[in-house]
>>> print(open('start.cif').read())   # mmCIF, C-alpha atoms (C1' of nucleotides)
data_input
#
loop_
_atom_site.label_atom_id
_atom_site.label_comp_id
_atom_site.auth_asym_id
_atom_site.auth_seq_id
_atom_site.Cartn_x
_atom_site.Cartn_y
_atom_site.Cartn_z
CA MET E 1 -53.07 -51.19 54.39
CA GLY E 2 -54.77 -52.08 51.20
CA ASP E 3 -55.51 -48.46 50.47
CA ARG E 4 -53.08 -45.60 50.88
CA MET E 5 -52.00 -44.40 54.26
CA THR E 6 -52.78 -40.90 55.41
CA GLU E 7 -49.97 -38.40 55.92
CA LEU E 8 -50.42 -38.76 59.66
CA GLU E 9 -50.09 -42.53 59.55
CA GLY E 10 -46.99 -42.31 57.39
CA ALA E 11 -45.43 -39.74 59.68
CA VAL E 12 -46.23 -41.86 62.74
CA LEU E 13 -44.40 -44.80 61.19
CA GLY E 14 -41.52 -42.46 60.43
CA VAL E 15 -41.33 -41.18 63.99
CA ILE E 16 -41.42 -44.65 65.47
CA TRP E 17 -38.77 -45.79 63.04
CA SER E 18 -36.41 -42.91 63.79
CA LEU E 19 -37.05 -42.45 67.50
CA GLY E 20 -38.32 -45.85 68.54
CA PRO E 21 -38.65 -47.71 70.83
CA ILE E 22 -40.97 -44.94 71.92
CA THR E 23 -44.30 -44.69 73.72
CA ALA E 24 -47.45 -43.45 72.04
CA TYR E 25 -47.27 -40.51 74.39
CA GLY E 26 -43.76 -39.82 73.14
CA VAL E 27 -45.04 -39.77 69.56
CA VAL E 28 -47.66 -37.23 70.58
CA GLN E 29 -44.98 -35.05 72.22
CA ARG E 30 -42.86 -35.32 69.11
CA PHE E 31 -45.62 -33.98 66.90
CA ALA E 32 -46.39 -31.22 69.38
CA ALA E 33 -42.74 -30.13 69.33
CA SER E 34 -42.52 -30.00 65.53
CA THR E 35 -41.58 -26.61 64.10
CA THR E 36 -43.95 -27.37 61.28
CA ARG E 37 -47.33 -26.10 62.31
CA GLY E 38 -50.34 -27.99 61.15
CA TRP E 39 -49.51 -31.31 62.74
CA SER E 40 -52.30 -32.53 64.90
CA SER E 41 -50.56 -33.68 68.08
CA SER E 42 -54.02 -34.56 69.35
CA THR E 43 -54.39 -37.83 71.20
CA GLY E 44 -57.73 -38.30 69.47
CA ALA E 45 -55.90 -38.58 66.15
CA ILE E 46 -52.64 -40.24 67.08
CA TYR E 47 -53.79 -43.02 69.39
CA PRO E 48 -56.35 -44.30 66.88
CA ALA E 49 -53.75 -44.06 64.11
CA ILE E 50 -51.35 -46.17 66.16
CA LYS E 51 -54.13 -48.61 66.82
CA ARG E 52 -54.87 -48.93 63.10
CA LEU E 53 -51.21 -49.39 62.25
CA THR E 54 -50.84 -51.98 64.99
CA ARG E 55 -53.85 -53.84 63.66
CA GLU E 56 -52.21 -53.89 60.22
CA GLY E 57 -49.14 -55.48 61.76
CA PHE E 58 -46.85 -52.50 61.16
CA ILE E 59 -46.18 -51.70 64.81
CA GLU E 60 -45.11 -53.98 67.59
CA SER E 61 -46.16 -52.92 71.05
CA THR E 62 -44.29 -54.38 74.04
CA PRO E 63 -45.33 -53.56 77.62
CA GLU E 64 -42.81 -51.95 79.94
CA LEU E 65 -42.69 -54.29 82.90
CA GLU E 66 -41.02 -52.01 85.42
CA ASP E 67 -43.82 -49.48 85.19
CA ARG E 68 -47.31 -49.99 86.48
CA ARG E 69 -48.67 -47.38 84.13
CA SER E 70 -49.84 -49.16 81.02
CA THR E 71 -46.68 -47.98 79.30
CA ARG E 72 -45.80 -49.70 76.06
CA ARG E 73 -42.79 -49.25 73.81
CA LEU E 74 -43.48 -49.15 70.10
CA THR E 75 -41.21 -50.39 67.35
CA LEU E 76 -41.71 -51.07 63.65
CA THR E 77 -42.09 -54.61 62.42
CA GLU E 78 -40.48 -55.65 59.14
CA ALA E 79 -43.86 -55.13 57.47
CA GLY E 80 -43.96 -51.72 59.06
CA LYS E 81 -40.57 -50.80 57.59
CA THR E 82 -41.75 -51.93 54.17
CA ALA E 83 -44.91 -49.89 54.59
CA LEU E 84 -42.86 -46.84 55.55
CA ARG E 85 -40.64 -47.25 52.48
CA ASP E 86 -43.68 -47.69 50.25
CA TRP E 87 -45.36 -44.64 51.72
CA ILE E 88 -42.27 -42.50 51.16
CA MET E 89 -41.71 -43.73 47.61
CA GLY E 90 -45.43 -43.45 46.85
CA LEU E 91 -45.12 -39.69 46.46
CA GLU E 92 -47.98 -38.65 44.21
CA ASP E 93 -47.51 -36.57 41.08
CA TRP E 94 -49.22 -33.53 42.52
CA MET E 95 -47.05 -33.49 45.65
CA GLY E 96 -44.25 -31.03 45.42
CA GLY E 97 -46.16 -28.32 43.70
CA SER E 98 -47.43 -25.67 46.01
CA ALA E 99 -49.65 -26.79 48.84
CA VAL E 100 -52.63 -24.91 50.15
CA ASP E 101 -51.29 -22.07 52.24
CA PRO E 102 -53.46 -19.87 54.44
CA VAL E 103 -51.44 -16.72 53.73
CA ARG E 104 -51.44 -17.11 49.95
CA THR E 105 -55.10 -18.08 49.96
CA ARG E 106 -56.03 -14.89 51.74
CA MET E 107 -53.79 -12.79 49.53
CA ASN E 108 -56.00 -13.58 46.55
CA TYR E 109 -58.81 -11.56 48.03
CA ILE E 110 -57.07 -8.54 49.55
CA GLY E 111 -58.88 -6.39 47.00
CA ILE E 112 -61.79 -6.31 49.41
CA LEU E 113 -59.64 -4.68 52.11
CA SER E 114 -58.67 -1.06 52.61
CA ARG E 115 -55.04 -0.29 51.81
CA ALA E 116 -54.33 0.08 55.53
CA GLN E 117 -55.79 -3.35 56.20
CA GLN E 118 -53.77 -4.82 53.34
CA LEU E 119 -50.56 -3.45 54.83
CA ALA E 120 -51.50 -4.72 58.29
CA LEU E 121 -52.17 -8.17 56.89
CA VAL E 122 -48.89 -8.42 55.01
CA GLU E 123 -46.95 -7.12 58.00
CA LYS E 124 -48.61 -9.62 60.26
CA ALA E 125 -47.79 -12.43 57.84
CA ARG E 126 -44.19 -11.28 57.68
CA GLY E 127 -44.00 -11.16 61.47
CA ASN E 128 -45.33 -14.70 61.63
CA ALA E 129 -42.76 -15.84 59.09
CA ARG E 130 -39.90 -14.15 60.94
CA ARG E 131 -40.93 -15.77 64.19
CA ALA E 132 -41.11 -19.13 62.45
CA LEU E 133 -37.61 -18.61 61.10
CA ASP E 134 -36.27 -17.88 64.59
CA GLU E 135 -37.95 -20.98 65.89
CA ILE E 136 -36.38 -23.05 63.14
CA ALA E 137 -32.93 -21.58 63.82
CA ASN E 138 -33.18 -22.42 67.53
CA PHE E 139 -34.58 -25.85 66.98
CA GLU E 140 -32.43 -28.82 67.71
CA PRO E 141 -33.83 -32.16 66.67
CA ASP E 142 -34.03 -35.17 68.95
CA PRO E 143 -30.90 -37.29 68.75
CA GLY E 144 -32.51 -39.96 66.58
CA HIS E 145 -30.28 -42.53 64.93
CA HIS E 146 -30.78 -41.02 61.49
CA ARG E 147 -29.96 -37.34 61.24
CA GLU E 148 -29.40 -36.84 57.54
CA GLY E 149 -33.04 -36.76 56.49
CA VAL E 150 -33.97 -34.50 59.36
CA ALA E 151 -31.24 -32.05 58.40
CA ILE E 152 -32.38 -32.04 54.78
CA ALA E 153 -35.99 -31.46 55.75
CA ALA E 154 -34.94 -28.65 58.07
CA ARG E 155 -33.10 -26.91 55.25
CA GLY E 156 -36.25 -27.25 53.17
CA VAL E 157 -38.36 -25.58 55.80
CA GLN E 158 -35.84 -22.82 56.14
CA ALA E 159 -35.63 -22.20 52.40
CA ASP E 160 -39.41 -22.14 52.25
CA VAL E 161 -39.85 -19.57 54.98
CA GLU E 162 -37.02 -17.40 53.66
CA ALA E 163 -38.62 -17.35 50.21
CA ARG E 164 -41.87 -16.36 51.86
CA ILE E 165 -40.27 -13.45 53.66
CA ARG E 166 -38.72 -12.17 50.43
CA TRP E 167 -42.10 -12.43 48.74
CA LEU E 168 -43.82 -10.54 51.55
CA ASP E 169 -41.13 -7.84 51.49
CA GLN E 170 -41.70 -7.35 47.76
CA THR E 171 -45.43 -7.29 48.29
CA LEU E 172 -45.10 -4.70 51.01
CA ALA E 173 -42.98 -2.51 48.75
CA LEU E 174 -45.56 -2.88 46.01
CA LEU E 175 -48.46 -1.92 48.25
CA GLU E 176 -46.65 1.00 49.89
CA ARG E 177 -45.71 2.50 46.58
CA MET L 1 -70.44 -17.91 61.99
CA GLY L 2 -70.04 -17.82 65.70
CA ASP L 3 -66.96 -19.99 65.47
CA ARG L 4 -64.19 -19.62 62.92
CA MET L 5 -64.70 -20.47 59.31
CA THR L 6 -62.72 -23.23 57.69
CA GLU L 7 -60.21 -22.42 54.96
CA LEU L 8 -62.60 -23.84 52.41
CA GLU L 9 -65.46 -21.63 53.56
CA GLY L 10 -63.27 -18.54 53.51
CA ALA L 11 -61.99 -19.37 50.06
CA VAL L 12 -65.53 -19.96 48.80
CA LEU L 13 -66.53 -16.50 49.99
CA GLY L 14 -63.44 -15.13 48.26
CA VAL L 15 -64.24 -16.82 44.97
CA ILE L 16 -67.83 -15.62 45.02
CA TRP L 17 -66.69 -12.12 45.86
CA SER L 18 -64.11 -11.96 43.08
CA LEU L 19 -65.91 -13.93 40.37
CA GLY L 20 -69.53 -13.56 41.37
CA PRO L 21 -72.32 -13.68 40.37
CA ILE L 22 -71.35 -17.28 39.86
CA THR L 23 -73.04 -20.66 40.15
CA ALA L 24 -72.05 -23.24 42.74
CA TYR L 25 -70.90 -25.36 39.84
CA GLY L 26 -68.71 -22.49 38.72
CA VAL L 27 -67.13 -22.36 42.17
CA VAL L 28 -66.37 -26.06 41.93
CA GLN L 29 -64.75 -25.55 38.51
CA ARG L 30 -62.71 -22.68 39.87
CA PHE L 31 -61.26 -24.85 42.64
CA ALA L 32 -60.59 -27.66 40.20
CA ALA L 33 -58.67 -25.28 37.93
CA SER L 34 -56.49 -23.91 40.73
CA THR L 35 -52.76 -24.37 40.21
CA THR L 36 -52.54 -24.97 43.94
CA ARG L 37 -53.00 -28.64 44.51
CA GLY L 38 -54.77 -29.73 47.62
CA TRP L 39 -58.03 -27.91 47.03
CA SER L 40 -60.93 -30.25 47.25
CA SER L 41 -63.06 -29.32 44.26
CA SER L 42 -65.39 -32.04 45.42
CA THR L 43 -69.10 -31.31 45.26
CA GLY L 44 -69.50 -33.16 48.52
CA ALA L 45 -67.44 -30.48 50.23
CA ILE L 46 -68.36 -27.34 48.32
CA TYR L 47 -72.13 -27.63 48.05
CA PRO L 48 -72.54 -28.20 51.79
CA ALA L 49 -70.14 -25.30 52.48
CA ILE L 50 -72.23 -23.01 50.29
CA LYS L 51 -75.32 -24.21 52.06
CA ARG L 52 -73.80 -23.40 55.45
CA LEU L 53 -72.69 -19.96 54.31
CA THR L 54 -76.10 -19.26 52.83
CA ARG L 55 -77.74 -20.29 56.09
CA GLU L 56 -75.49 -17.79 57.91
CA GLY L 57 -76.71 -15.05 55.57
CA PHE L 58 -73.35 -14.55 53.83
CA ILE L 59 -74.45 -15.63 50.38
CA GLU L 60 -77.44 -14.55 48.37
CA SER L 61 -78.73 -17.06 45.89
CA THR L 62 -80.95 -15.86 43.05
CA PRO L 63 -82.49 -18.29 40.54
CA GLU L 64 -81.70 -17.89 36.87
CA LEU L 65 -85.10 -17.58 35.24
CA GLU L 66 -84.09 -18.25 31.64
CA ASP L 67 -82.78 -21.70 32.48
CA ARG L 68 -84.86 -24.64 33.48
CA ARG L 69 -81.94 -26.27 35.25
CA SER L 70 -82.10 -25.22 38.88
CA THR L 71 -79.31 -22.75 38.16
CA ARG L 72 -78.72 -20.09 40.76
CA ARG L 73 -76.31 -17.19 40.73
CA LEU L 74 -74.46 -16.55 43.99
CA THR L 75 -73.33 -13.18 45.32
CA LEU L 76 -72.07 -12.01 48.69
CA THR L 77 -74.34 -10.10 51.02
CA GLU L 78 -72.96 -7.20 53.04
CA ALA L 79 -72.65 -9.60 55.98
CA GLY L 80 -70.78 -11.93 53.66
CA LYS L 81 -68.30 -9.21 52.71
CA THR L 82 -67.73 -8.44 56.37
CA ALA L 83 -67.23 -12.13 57.08
CA LEU L 84 -64.71 -12.36 54.22
CA ARG L 85 -62.78 -9.35 55.57
CA ASP L 86 -62.82 -10.82 59.08
CA TRP L 87 -61.65 -14.18 57.82
CA ILE L 88 -58.76 -12.63 55.89
CA MET L 89 -57.68 -10.39 58.77
CA GLY L 90 -58.13 -13.23 61.24
CA LEU L 91 -54.84 -14.77 60.15
CA GLU L 92 -53.63 -16.82 63.09
CA ASP L 93 -50.17 -16.46 64.60
CA TRP L 94 -48.99 -19.84 63.37
CA MET L 95 -50.03 -19.19 59.76
CA GLY L 96 -47.13 -18.14 57.65
CA GLY L 97 -44.63 -20.48 59.13
CA SER L 98 -44.14 -23.60 57.15
CA ALA L 99 -47.18 -25.74 56.51
CA VAL L 100 -47.22 -29.50 56.43
CA ASP L 101 -45.71 -30.56 53.15
CA PRO L 102 -45.74 -34.12 51.86
CA VAL L 103 -42.28 -33.88 50.30
CA ARG L 104 -40.58 -32.44 53.37
CA THR L 105 -42.40 -34.86 55.65
CA ARG L 106 -41.08 -37.82 53.69
CA MET L 107 -37.59 -36.36 53.52
CA ASN L 108 -37.25 -36.74 57.30
CA TYR L 109 -37.23 -40.49 56.96
CA ILE L 110 -35.16 -41.14 53.85
CA GLY L 111 -32.60 -42.82 56.09
CA ILE L 112 -34.65 -45.99 55.74
CA LEU L 113 -34.18 -46.00 51.95
CA SER L 114 -31.30 -47.21 49.86
CA ARG L 115 -29.20 -44.46 48.28
CA ALA L 116 -30.70 -45.30 44.88
CA GLN L 117 -34.19 -44.94 46.27
CA GLN L 118 -33.26 -41.67 47.91
CA LEU L 119 -32.06 -40.29 44.59
CA ALA L 120 -35.17 -41.53 42.81
CA LEU L 121 -37.37 -39.84 45.40
CA VAL L 122 -35.62 -36.50 45.19
CA GLU L 123 -35.62 -36.61 41.41
CA LYS L 124 -39.31 -37.39 41.35
CA ALA L 125 -40.01 -34.51 43.73
CA ARG L 126 -37.96 -32.19 41.55
CA GLY L 127 -39.84 -33.33 38.47
CA ASN L 128 -43.11 -32.65 40.21
CA ALA L 129 -41.93 -29.19 41.19
CA ARG L 130 -40.76 -28.38 37.66
CA ARG L 131 -44.07 -29.45 36.22
CA ALA L 132 -45.86 -27.30 38.79
CA LEU L 133 -43.70 -24.34 37.78
CA ASP L 134 -44.62 -24.80 34.11
CA GLU L 135 -48.24 -24.98 35.02
CA ILE L 136 -47.97 -21.76 36.99
CA ALA L 137 -46.18 -20.01 34.13
CA ASN L 138 -48.88 -21.00 31.66
CA PHE L 139 -51.73 -20.18 33.98
CA GLU L 140 -53.86 -17.19 33.22
CA PRO L 141 -56.36 -16.29 35.90
CA ASP L 142 -60.02 -15.67 35.22
CA PRO L 143 -60.70 -12.06 34.42
CA GLY L 144 -62.15 -11.26 37.84
CA HIS L 145 -62.71 -7.65 38.81
CA HIS L 146 -59.79 -7.67 41.23
CA ARG L 147 -56.49 -8.78 39.78
CA GLU L 148 -53.95 -7.34 42.19
CA GLY L 149 -54.37 -9.94 44.93
CA VAL L 150 -54.37 -12.79 42.44
CA ALA L 151 -51.13 -11.52 40.92
CA ILE L 152 -49.52 -11.25 44.35
CA ALA L 153 -50.60 -14.73 45.34
CA ALA L 154 -49.32 -16.10 42.03
CA ARG L 155 -45.89 -14.57 42.67
CA GLY L 156 -45.98 -16.22 46.08
CA VAL L 157 -46.65 -19.63 44.61
CA GLN L 158 -43.89 -19.14 42.07
CA ALA L 159 -41.36 -18.05 44.69
CA ASP L 160 -42.33 -21.04 46.80
CA VAL L 161 -41.86 -23.61 44.06
CA GLU L 162 -38.61 -22.02 42.86
CA ALA L 163 -37.19 -22.19 46.37
CA ARG L 164 -38.24 -25.81 46.51
CA ILE L 165 -36.41 -26.63 43.29
CA ARG L 166 -33.22 -24.98 44.56
CA TRP L 167 -33.52 -26.98 47.77
CA LEU L 168 -34.00 -30.23 45.87
CA ASP L 169 -31.05 -29.45 43.59
CA GLN L 170 -28.83 -28.93 46.63
CA THR L 171 -30.14 -32.09 48.21
CA LEU L 172 -29.43 -34.05 45.07
CA ALA L 173 -25.88 -32.73 44.95
CA LEU L 174 -25.45 -33.71 48.58
CA LEU L 175 -26.70 -37.23 48.06
CA GLU L 176 -24.77 -37.81 44.86
CA ARG L 177 -21.51 -36.74 46.41
"C1'" DG N 1 -49.63 -34.31 100.36
"C1'" DG N 2 -50.14 -31.99 96.33
"C1'" DC N 3 -48.55 -30.51 91.83
"C1'" DT N 4 -46.74 -31.60 87.49
"C1'" DC N 5 -45.68 -34.68 84.15
"C1'" DC N 6 -46.12 -39.37 82.07
"C1'" DA N 7 -49.32 -42.42 79.89
"C1'" DT N 8 -53.47 -44.34 77.62
"C1'" DG N 9 -57.59 -43.86 76.00
"C1'" DT N 10 -62.81 -42.68 74.48
"C1'" DA N 11 -67.13 -39.94 73.06
"C1'" DA N 12 -69.37 -36.54 70.38
"C1'" DG N 13 -69.35 -33.89 66.61
"C1'" DG N 14 -67.77 -31.80 62.21
"C1'" DA N 15 -65.80 -31.50 57.84
"C1'" DG N 16 -63.99 -33.61 53.74
"C1'" DT N 17 -63.74 -37.69 50.20
"C1'" DT N 18 -65.64 -40.84 47.09
"C1'" DA N 19 -69.26 -42.30 44.68
"C1'" DC N 20 -73.65 -42.06 43.12
"C1'" DA N 21 -78.16 -39.94 41.32
"C1'" DT N 22 -80.74 -36.81 38.51
"C1'" DG N 23 -81.88 -33.86 34.87
"C1'" DA N 24 -81.22 -29.72 31.42
"C1'" DT N 25 -78.46 -27.68 27.75
"C1'" DT N 26 -75.34 -27.44 23.93
"C1'" DC N 27 -73.08 -28.97 20.00
"C1'" DA N 28 -71.52 -32.11 16.40
"C1'" DT O 1 -79.65 -38.51 18.53
"C1'" DG O 2 -75.99 -39.08 21.33
"C1'" DA O 3 -72.15 -37.31 23.97
"C1'" DA O 4 -70.16 -33.88 26.63
"C1'" DT O 5 -70.93 -30.37 29.69
"C1'" DC O 6 -73.70 -27.65 32.92
"C1'" DA O 7 -75.92 -27.90 37.27
"C1'" DT O 8 -77.44 -29.49 41.89
"C1'" DG O 9 -77.36 -32.47 45.32
"C1'" DT O 10 -77.06 -36.71 48.82
"C1'" DA O 11 -75.31 -41.02 51.37
"C1'" DA O 12 -71.78 -43.60 53.49
"C1'" DC O 13 -67.57 -43.47 55.29
"C1'" DT O 14 -63.19 -41.94 57.34
"C1'" DC O 15 -60.43 -39.11 59.78
"C1'" DC O 16 -59.52 -35.27 62.72
"C1'" DT O 17 -60.74 -31.96 66.65
"C1'" DT O 18 -62.11 -30.90 71.13
"C1'" DA O 19 -62.94 -32.31 75.41
"C1'" DC O 20 -63.09 -35.35 78.91
"C1'" DA O 21 -61.68 -39.45 81.97
"C1'" DT O 22 -58.45 -42.16 84.50
"C1'" DG O 23 -54.47 -43.31 87.03
"C1'" DG O 24 -49.21 -43.99 88.04
"C1'" DA O 25 -44.58 -41.67 88.78
"C1'" DG O 26 -41.52 -38.12 90.33
"C1'" DC O 27 -40.44 -34.23 92.99
"C1'" DC O 28 -40.58 -30.48 96.47
#
>>> encode(input="start.cif", output="structure tokens")
Amino acid sequence: MGDRMTELEGAVLGVIWSLGPITAYGVVQRFAASTTRGWSSSTGAIYPAIKRLTREGFIESTPELEDRRSTRRLTLTEAGKTALRDWIMGLEDWMGGSAVDPVRTRMNYIGILSRAQQLALVEKARGNARRALDEIANFEPDPGHHREGVAIAARGVQADVEARIRWLDQTLALLER
Amino acid sequence: MGDRMTELEGAVLGVIWSLGPITAYGVVQRFAASTTRGWSSSTGAIYPAIKRLTREGFIESTPELEDRRSTRRLTLTEAGKTALRDWIMGLEDWMGGSAVDPVRTRMNYIGILSRAQQLALVEKARGNARRALDEIANFEPDPGHHREGVAIAARGVQADVEARIRWLDQTLALLER
DNA sequence: GGCTCCATGTAAGGAGTTACATGATTCA
DNA sequence: TGAATCATGTAACTCCTTACATGGAGCC
């Protein structure tokens, strides 16, 4: 792609690289199963993305002959691997600061709420975070060929959610005081 | 709005509530100045959002008479305040887990990189995070009428980025070993 | 035979991005 | 007077979401 790839396109290349040969449907399932909420997992996003990436020559699509569904197995071409590397290394300067987060965004404006509502909001957020942490703990990744990166990312998610819970606990103590 | 508001719309209501009366241009500047990267701050997103919210009756727009630019000061209507409260309290179950993050996403696929590239990536991410932390430390929020929420959100951002740096430090140690 | 899952797609609509256009005000 | 900033907006484009459509495979 002459211009930069979207996060979805990059992630699709990554999934095909680590889990491929895989069907487009499999890619969709993979996104749906992610513990990280916010991934689309909608066919209306992923199929067109795969089509674009195929058109660029990054994905090779070979039909499964023993299946009369129009099943096709996807793998990365050499150009696709290069594109994946470039996408990963093309981390922008602003990435790695704090991303937009729906909980923090809302927290800015809790002054408009009653104290009871504020407490309810923070407790709800903490409940959400705890549930997410459980989900992460129980999650076992697909047996892809390359586990190291997945394990590192998983620790990142965990550290993130744990820090959030500590923050919410402090906030709760502050508001209850 | 019959259907749910977007994050941008909610945040716009929040900014107008906490900083208003404020011009649309001022709202744009406020987003641009945010330490949280990922906010649009594009007129092509914010002006139409304000238009939608005005159409819904959430924003009142009064022309500034002593200014021949078409300057208008925005404030929230009562319906707008209710909508802001509903948006804040309408935190979905999945919010508060981990959001999509460009650094973590890429980390999943570092297996395709050489060890040198892996180290470069992690170091770059850590540099980004450190810079973000500095920016947060030096940031002083606008003197809005309601500081408590802003202070809480700021602590959240700080905790988030600090956790990220610890994670990246560990990852670096792991990869260098 | 019917239900569930596998598998691939498209159509309509909405929201955000980039880039452009226009003009007033302020300050050196 | 010229440049930077204040101030409002639109047009084209891209991508994502929701919803729908279609049909084969596997299992009870």
>>> atom_distance(input="start.cif", atom1="atom CA of L:Leu84", atom2="atom CA of L:Leu13")
6.2 Å
>>> resolve_selection(input="start.cif", expression="the PyMOL selection byres ((chain N) within 9 of (chain L))", output="compact mmCIF listing (two decimals) with C-alpha atoms (C1' of nucleotides), in the coordinates of the input")
# COMPACT_ATOMS: atom_id res chain seq x y z
C1' DA N 15 -65.80 -31.50 57.84
C1' DG N 16 -63.99 -33.61 53.74
C1' DT N 17 -63.74 -37.69 50.20
C1' DT N 18 -65.64 -40.84 47.09
C1' DG N 23 -81.88 -33.86 34.87
C1' DA N 24 -81.22 -29.72 31.42
C1' DT N 25 -78.46 -27.68 27.75
>>> residues_around(input="start.cif", residues="O:DC27", least_positions_apart="3", cutoff="12 Å", atoms="only C-alpha atoms (C1' of nucleotides)", output="list in words")
DG1, DG2, DC3, DT4 and DC5 of chain N
>>> write_last_selection(input="start.cif", atoms="C-alpha atoms (C1' of nucleotides)", output="JSON list (two decimals), keeping the file's coordinate frame")
[["chain", "number", "residue", "atom", "x", "y", "z"],
["N", 1, "DG", "C1'", -49.63, -34.31, 100.36],
["N", 2, "DG", "C1'", -50.14, -31.99, 96.33],
["N", 3, "DC", "C1'", -48.55, -30.51, 91.83],
["N", 4, "DT", "C1'", -46.74, -31.60, 87.49],
["N", 5, "DC", "C1'", -45.68, -34.68, 84.15]]
>>> resolve_selection(input="start.cif", expression="the PyMOL selection byres ((chain E and resi 50-59) around 12)", output="number ranges by chain")
E: 1-3, 5-6, 8-17, 20-25, 27-28, 43-49, 60-62, 72-85; N: 8-9; O: 15
>>> resolve_selection(input="start.cif", expression="the PyMOL selection byres ((chain L and resi 125) around 8)", output="ChimeraX atom specification")
/E:91,95-96 /L:103,121-124,126-129,168
